[in-house]
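Structure first, commentary second.
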Amino acid sequence: MRPAFSHVGIVGAGSWGTALALVLHRNGLRVTVWGNDAYAVSQIEALKENRPYLPGVPLPELIQFTADTRALDSLDLLLLVTPSRAVREVASRLSTLPLKSGCVLLSCTKGVERGSGLRMSEILRETLPDHSIAVLSGPSHAEEVALSAPTAVVIGCEDEELATRLQAAFNQPAFRAYTSSDVIGIELGGALKNIYALAAGVGDGLQLGDNTKAALVTRSLAELMRLGCALGGRRETFMGLSGIGDLMVTCFSQHSRNRAVGERLGRGESLGYIVSSMRMIAEGIPTTASAYECARRLEVDTPIIDQIRLLLDGSLSPAEAMAALLARDPRRE
């Protein structure tokens with residue numbers, strides 16, 4: 001088997017990119033993190049702390065933060081850790097750089113592109129066809145990963161040897177990496193769960209209680225699997241880390257941006273105000289529109305996605321969206 005990677009780059013200097021840099025550094029890898037905002041990146045490099053996104057977490061001197069794309073020329077592995085709406089633009093920019101011919105691309109972004117319905121790895125394959133591509137997903141809040149809280153993720157890759165090499169790069173006692181060949185299922189699980197976290201947060205904001213949340217999350221899993229399988233994912237994948245695992249942590253965690261957005265909506269705040277007050281992006285917002293388009297194209301029944309779309313569009317209030325779900329005809333589970 002070929003040796004593990006020696007020089008790893010991360011595109012995206014937010015909380016998740018920084019947390020993954022720490023994981024890779026702990027495994028003895030040389031890590032360079034690239035960010036688009038030169039001033040913000042220079043502050044992180046100078047302070048050795050990502051104060052806007054991971055305050056209080058010291059960063060080792062050996063992790064380099066830069067806004068110079070020339071630092072990406074010598075990489076063996078490049079992680080894409082940007083908002084989903086920026087992936088195509090970033091990938092196009094990377095396609096103009098002299099990346100090493102053997103550089104592996106690892107997508108760590110959870111989302112589905114609006115209009116095309118493409119997953120993040122499909123955008124990378126379309127834009128950078130000469131590079132091997134894999135994905136990483138699972139229940140993994142950056143705030144906990146950065147502090148070495150025990151975490152498990154799954155690496156999706158159709159090439160078994162490459163999956164094993166990636167696994168070796170990440171695996172450590174506090175960060176357990178599993179592998180799977182179901183790239184489609186892993187990406188869809190990680191993307192769709194953010195929509196259901198919005199719904200779970202709405203229930204929290206309306207103070208509907210634990211019974212409601214348990215029912216909502218359970219039915220969300222059924223809907224996620226229904227749409228995910230129609231889009232090509234495997235049923236068993238949605239029962240794993242990138243499916244039910246990520247769904248649970250995102251719907252219940254205090255760290256979940258999507259759940260927090262839903263809670264604020266449930267309390268009566270407007271979506272525009274919520275978005276303007278946030279530093280980071282809640283991926284469930286754009287993914288709701290993308291998932292709705294996919295579901296209608298495939299004629300898949302997605303009542304929760306449908307109601308969240310209407311809520312985000314301003315067509316329904318949180319209470320009306322919940323009432324519409326509860327008014328559905330009874331049926332077999």
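By convention here, the chains of the structure tokens are called A, B, ... in the order presented, each chain's residues are numbered starting at 1, and ligands are numbered starting at 1 in the order presented.
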
Residues within 9 Å of stretch 83-88 of chain A, only C-alpha atoms, excluding chain neighbours under 2 positions, as number ranges by chain:
A: 12, 80-81, 90-93, 109-114, 120, 123-124, 127, 280-281, 283, 286-287

Export of the given selection (N, CA and C atoms) as a PDB file, in the first residue's frame:
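Printed below is selection-v5.pdb as written:
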```pdb
ATOM      1  N   GLY A  12     -10.378  26.596   3.396  1.00  0.00           N
ATOM      2  CA  GLY A  12     -11.449  26.987   4.303  1.00  0.00           C
ATOM      3  C   GLY A  12     -10.919  27.131   5.716  1.00  0.00           C
ATOM      4  N   LEU A  80     -11.521  20.208   0.958  1.00  0.00           N
ATOM      5  CA  LEU A  80     -12.396  21.324   0.612  1.00  0.00           C
ATOM      6  C   LEU A  80     -13.392  21.488   1.754  1.00  0.00           C
ATOM      7  N   VAL A  81     -13.254  22.599   2.494  1.00  0.00           N
ATOM      8  CA  VAL A  81     -14.071  22.831   3.683  1.00  0.00           C
ATOM      9  C   VAL A  81     -14.674  24.233   3.579  1.00  0.00           C
ATOM     10  N   VAL A  90     -14.786  27.856  -5.868  1.00  0.00           N
ATOM     11  CA  VAL A  90     -13.472  27.469  -5.346  1.00  0.00           C
ATOM     12  C   VAL A  90     -12.843  26.393  -6.225  1.00  0.00           C
ATOM     13  N   ALA A  91     -13.640  25.417  -6.635  1.00  0.00           N
ATOM     14  CA  ALA A  91     -13.121  24.350  -7.489  1.00  0.00           C
ATOM     15  C   ALA A  91     -12.623  24.918  -8.822  1.00  0.00           C
ATOM     16  N   SER A  92     -13.353  25.870  -9.378  1.00  0.00           N
ATOM     17  CA  SER A  92     -12.922  26.502 -10.630  1.00  0.00           C
ATOM     18  C   SER A  92     -11.598  27.230 -10.436  1.00  0.00           C
ATOM     19  N   ARG A  93     -11.456  27.869  -9.311  1.00  0.00           N
ATOM     20  CA  ARG A  93     -10.196  28.565  -9.018  1.00  0.00           C
ATOM     21  C   ARG A  93      -9.054  27.571  -8.863  1.00  0.00           C
ATOM     22  N   THR A 109     -17.606  19.228   2.801  1.00  0.00           N
ATOM     23  CA  THR A 109     -18.727  20.165   2.769  1.00  0.00           C
ATOM     24  C   THR A 109     -20.030  19.395   2.596  1.00  0.00           C
ATOM     25  N   LYS A 110     -21.061  19.810   3.334  1.00  0.00           N
ATOM     26  CA  LYS A 110     -22.345  19.114   3.308  1.00  0.00           C
ATOM     27  C   LYS A 110     -23.392  19.976   2.611  1.00  0.00           C
ATOM     28  N   GLY A 111     -23.805  19.551   1.434  1.00  0.00           N
ATOM     29  CA  GLY A 111     -24.814  20.317   0.718  1.00  0.00           C
ATOM     30  C   GLY A 111     -25.112  19.724  -0.643  1.00  0.00           C
ATOM     31  N   VAL A 112     -26.130  20.265  -1.294  1.00  0.00           N
ATOM     32  CA  VAL A 112     -26.527  19.889  -2.657  1.00  0.00           C
ATOM     33  C   VAL A 112     -26.691  21.187  -3.433  1.00  0.00           C
ATOM     34  N   GLU A 113     -26.106  21.254  -4.624  1.00  0.00           N
ATOM     35  CA  GLU A 113     -26.141  22.493  -5.400  1.00  0.00           C
ATOM     36  C   GLU A 113     -27.546  22.799  -5.907  1.00  0.00           C
ATOM     37  N   ARG A 114     -27.933  24.057  -5.749  1.00  0.00           N
ATOM     38  CA  ARG A 114     -29.247  24.511  -6.217  1.00  0.00           C
ATOM     39  C   ARG A 114     -29.282  24.472  -7.743  1.00  0.00           C
ATOM     40  N   MET A 120     -21.463  17.652  -3.729  1.00  0.00           N
ATOM     41  CA  MET A 120     -20.199  18.380  -3.751  1.00  0.00           C
ATOM     42  C   MET A 120     -19.110  17.614  -4.502  1.00  0.00           C
ATOM     43  N   ILE A 123     -19.467  18.079  -8.232  1.00  0.00           N
ATOM     44  CA  ILE A 123     -18.956  19.368  -8.708  1.00  0.00           C
ATOM     45  C   ILE A 123     -17.441  19.295  -8.859  1.00  0.00           C
ATOM     46  N   LEU A 124     -16.773  18.680  -7.885  1.00  0.00           N
ATOM     47  CA  LEU A 124     -15.314  18.551  -7.954  1.00  0.00           C
ATOM     48  C   LEU A 124     -14.895  17.680  -9.129  1.00  0.00           C
ATOM     49  N   THR A 127     -15.248  19.632 -12.304  1.00  0.00           N
ATOM     50  CA  THR A 127     -14.323  20.758 -12.446  1.00  0.00           C
ATOM     51  C   THR A 127     -12.864  20.334 -12.448  1.00  0.00           C
ATOM     52  N   MET A 280     -21.459  32.288  10.596  1.00  0.00           N
ATOM     53  CA  MET A 280     -21.346  31.073   9.801  1.00  0.00           C
ATOM     54  C   MET A 280     -22.661  30.763   9.098  1.00  0.00           C
ATOM     55  N   ILE A 281     -22.593  29.921   8.087  1.00  0.00           N
ATOM     56  CA  ILE A 281     -23.760  29.590   7.272  1.00  0.00           C
ATOM     57  C   ILE A 281     -24.455  28.340   7.807  1.00  0.00           C
ATOM     58  N   GLU A 283     -26.252  25.440   6.570  1.00  0.00           N
ATOM     59  CA  GLU A 283     -26.383  24.818   5.255  1.00  0.00           C
ATOM     60  C   GLU A 283     -27.780  24.293   4.964  1.00  0.00           C
ATOM     61  N   PRO A 286     -29.978  26.707   2.219  1.00  0.00           N
ATOM     62  CA  PRO A 286     -29.923  26.477   0.769  1.00  0.00           C
ATOM     63  C   PRO A 286     -30.242  25.038   0.373  1.00  0.00           C
ATOM     64  N   THR A 287     -29.908  24.086   1.256  1.00  0.00           N
ATOM     65  CA  THR A 287     -30.138  22.677   0.911  1.00  0.00           C
ATOM     66  C   THR A 287     -31.621  22.353   0.843  1.00  0.00           C
TER      67      THR A 287
END
```

Using DSSP on the backbone, list every residue of stretch 99-192 of chain A that comes out as strand (DSSP E or B), and give them as a PDB file with C-alpha atoms, in the first residue's frame.
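New file part-v1.pdb:
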```pdb
ATOM      1  CA  VAL A 104      -6.284  13.761  -3.717  1.00  0.00           C
ATOM      2  CA  LEU A 105      -9.361  15.949  -3.156  1.00  0.00           C
ATOM      3  CA  LEU A 106     -11.443  15.301  -0.025  1.00  0.00           C
ATOM      4  CA  SER A 107     -14.807  17.066   0.188  1.00  0.00           C
ATOM      5  CA  VAL A 112     -26.527  19.889  -2.657  1.00  0.00           C
ATOM      6  CA  ARG A 119     -23.466  16.710  -4.746  1.00  0.00           C
ATOM      7  CA  ILE A 133     -12.011  12.420  -5.047  1.00  0.00           C
ATOM      8  CA  ALA A 134     -13.379  11.237  -1.701  1.00  0.00           C
ATOM      9  CA  VAL A 135     -15.756  12.635   0.940  1.00  0.00           C
ATOM     10  CA  LEU A 136     -15.809  12.873   4.725  1.00  0.00           C
ATOM     11  CA  SER A 137     -18.953  13.179   6.826  1.00  0.00           C
ATOM     12  CA  THR A 151     -15.679  11.466  17.505  1.00  0.00           C
ATOM     13  CA  ALA A 152     -16.441   9.015  14.697  1.00  0.00           C
ATOM     14  CA  VAL A 153     -16.739   9.910  11.015  1.00  0.00           C
ATOM     15  CA  VAL A 154     -16.971   8.025   7.745  1.00  0.00           C
ATOM     16  CA  ILE A 155     -14.812   8.464   4.650  1.00  0.00           C
ATOM     17  CA  GLY A 156     -16.549   7.721   1.377  1.00  0.00           C
ATOM     18  CA  GLN A 172      -6.530   8.353  16.133  1.00  0.00           C
ATOM     19  CA  PHE A 175     -11.105  10.637  16.014  1.00  0.00           C
ATOM     20  CA  ARG A 176     -12.175   7.280  14.627  1.00  0.00           C
ATOM     21  CA  ALA A 177     -12.547   7.150  10.853  1.00  0.00           C
ATOM     22  CA  TYR A 178     -14.569   4.408   9.153  1.00  0.00           C
ATOM     23  CA  THR A 179     -14.698   3.801   5.392  1.00  0.00           C
ATOM     24  CA  SER A 180     -17.459   3.143   2.884  1.00  0.00           C
TER      25      SER A 180
END
```

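Interatomic distance, atom CA of A:Val23 to atom CA of A:Pro129: 27.6 Å.
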
Please identify all polymer residues within 8 Å of A:Leu99, counting only C-alpha atoms, omitting same-chain residues fewer than 5 positions from it, and present them as number ranges by chain.
A: 72-75, 94

Identify, on the basis of only C-alpha atoms, every residue whose closest approach to A:Arg259 does not exceed 12 Å; exclude the query and any residue fewer than 3 positions from it along the same chain; express the result as JSON, numbers by chain.
{"A": [193, 194, 195, 196, 197, 198, 199, 200, 201, 202, 203, 204, 205, 213, 217, 247, 248, 249, 250, 251, 252, 253, 254, 255, 256, 262, 263, 264, 265, 266, 282, 283, 284, 285]}

Could you give me the residues within stretch 169-317 of chain A that DSSP places in helix (DSSP H, G or I), as a ChimeraX atom specification?
/A:169-170,183-205,210-230,235-238,241-252,257-266,271-276,284-298,303-313

If we count only C-alpha atoms, what is near A:Ala4 at a cut-off of 9 Å, once residues fewer than 4 positions away on the same chain are taken out, given as a list of chain:residue names?
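Once the adjacent positions are removed, what remains is A:Arg165, A:Leu166, A:Ala168, A:Ala169.
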
Hey, what's within 10 Å of A:Arg279 if we count only C-alpha atoms and toss same-chain stuff fewer than 6 positions away? As number ranges by chain, please?
A: 14, 52-53

Restricted to C-alpha atoms, what would the selected residues look like written as a PDB file, in the first residue's frame?
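Saved file part_18.pdb follows:
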```
ATOM      1  CA  GLY A  14     -13.515  28.403   9.439  1.00  0.00           C
ATOM      2  CA  PRO A  52     -13.831  34.302  15.213  1.00  0.00           C
ATOM      3  CA  TYR A  53     -14.647  30.594  14.870  1.00  0.00           C
TER       4      TYR A  53
END
```

Which distance in Å separates atom CA of A:Val275 and atom CA of A:Gly17, to one decimal?
21.1 Å

What's around A:Ser148 at 10 Å? Count only C-alpha atoms, leave out sequence neighbours fewer than 5 positions away in its own chain, and write the answer as a list in words.
Ala19, Leu22, Val23, Arg26, Ala142, Glu143, Gln172, Pro173, Ala174 and Phe175 of chain A

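The closest residue to A:Ser6, picked from A:Gln43, A:Asn50, A:Asn258, A:Thr32 and counting only C-alpha atoms, is A:Thr32.
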
What does the distance between atom CA of A:His131 and atom CA of A:Ala67 come to in Å, to one decimal place?
22.6 Å

So, counting only C-alpha atoms, which residue among A:Ala295, A:Ala13, A:Leu78, A:Leu188 is closest to A:Val41?
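Residue with the minimum atom-to-atom distance to A:Val41: A:Ala13.
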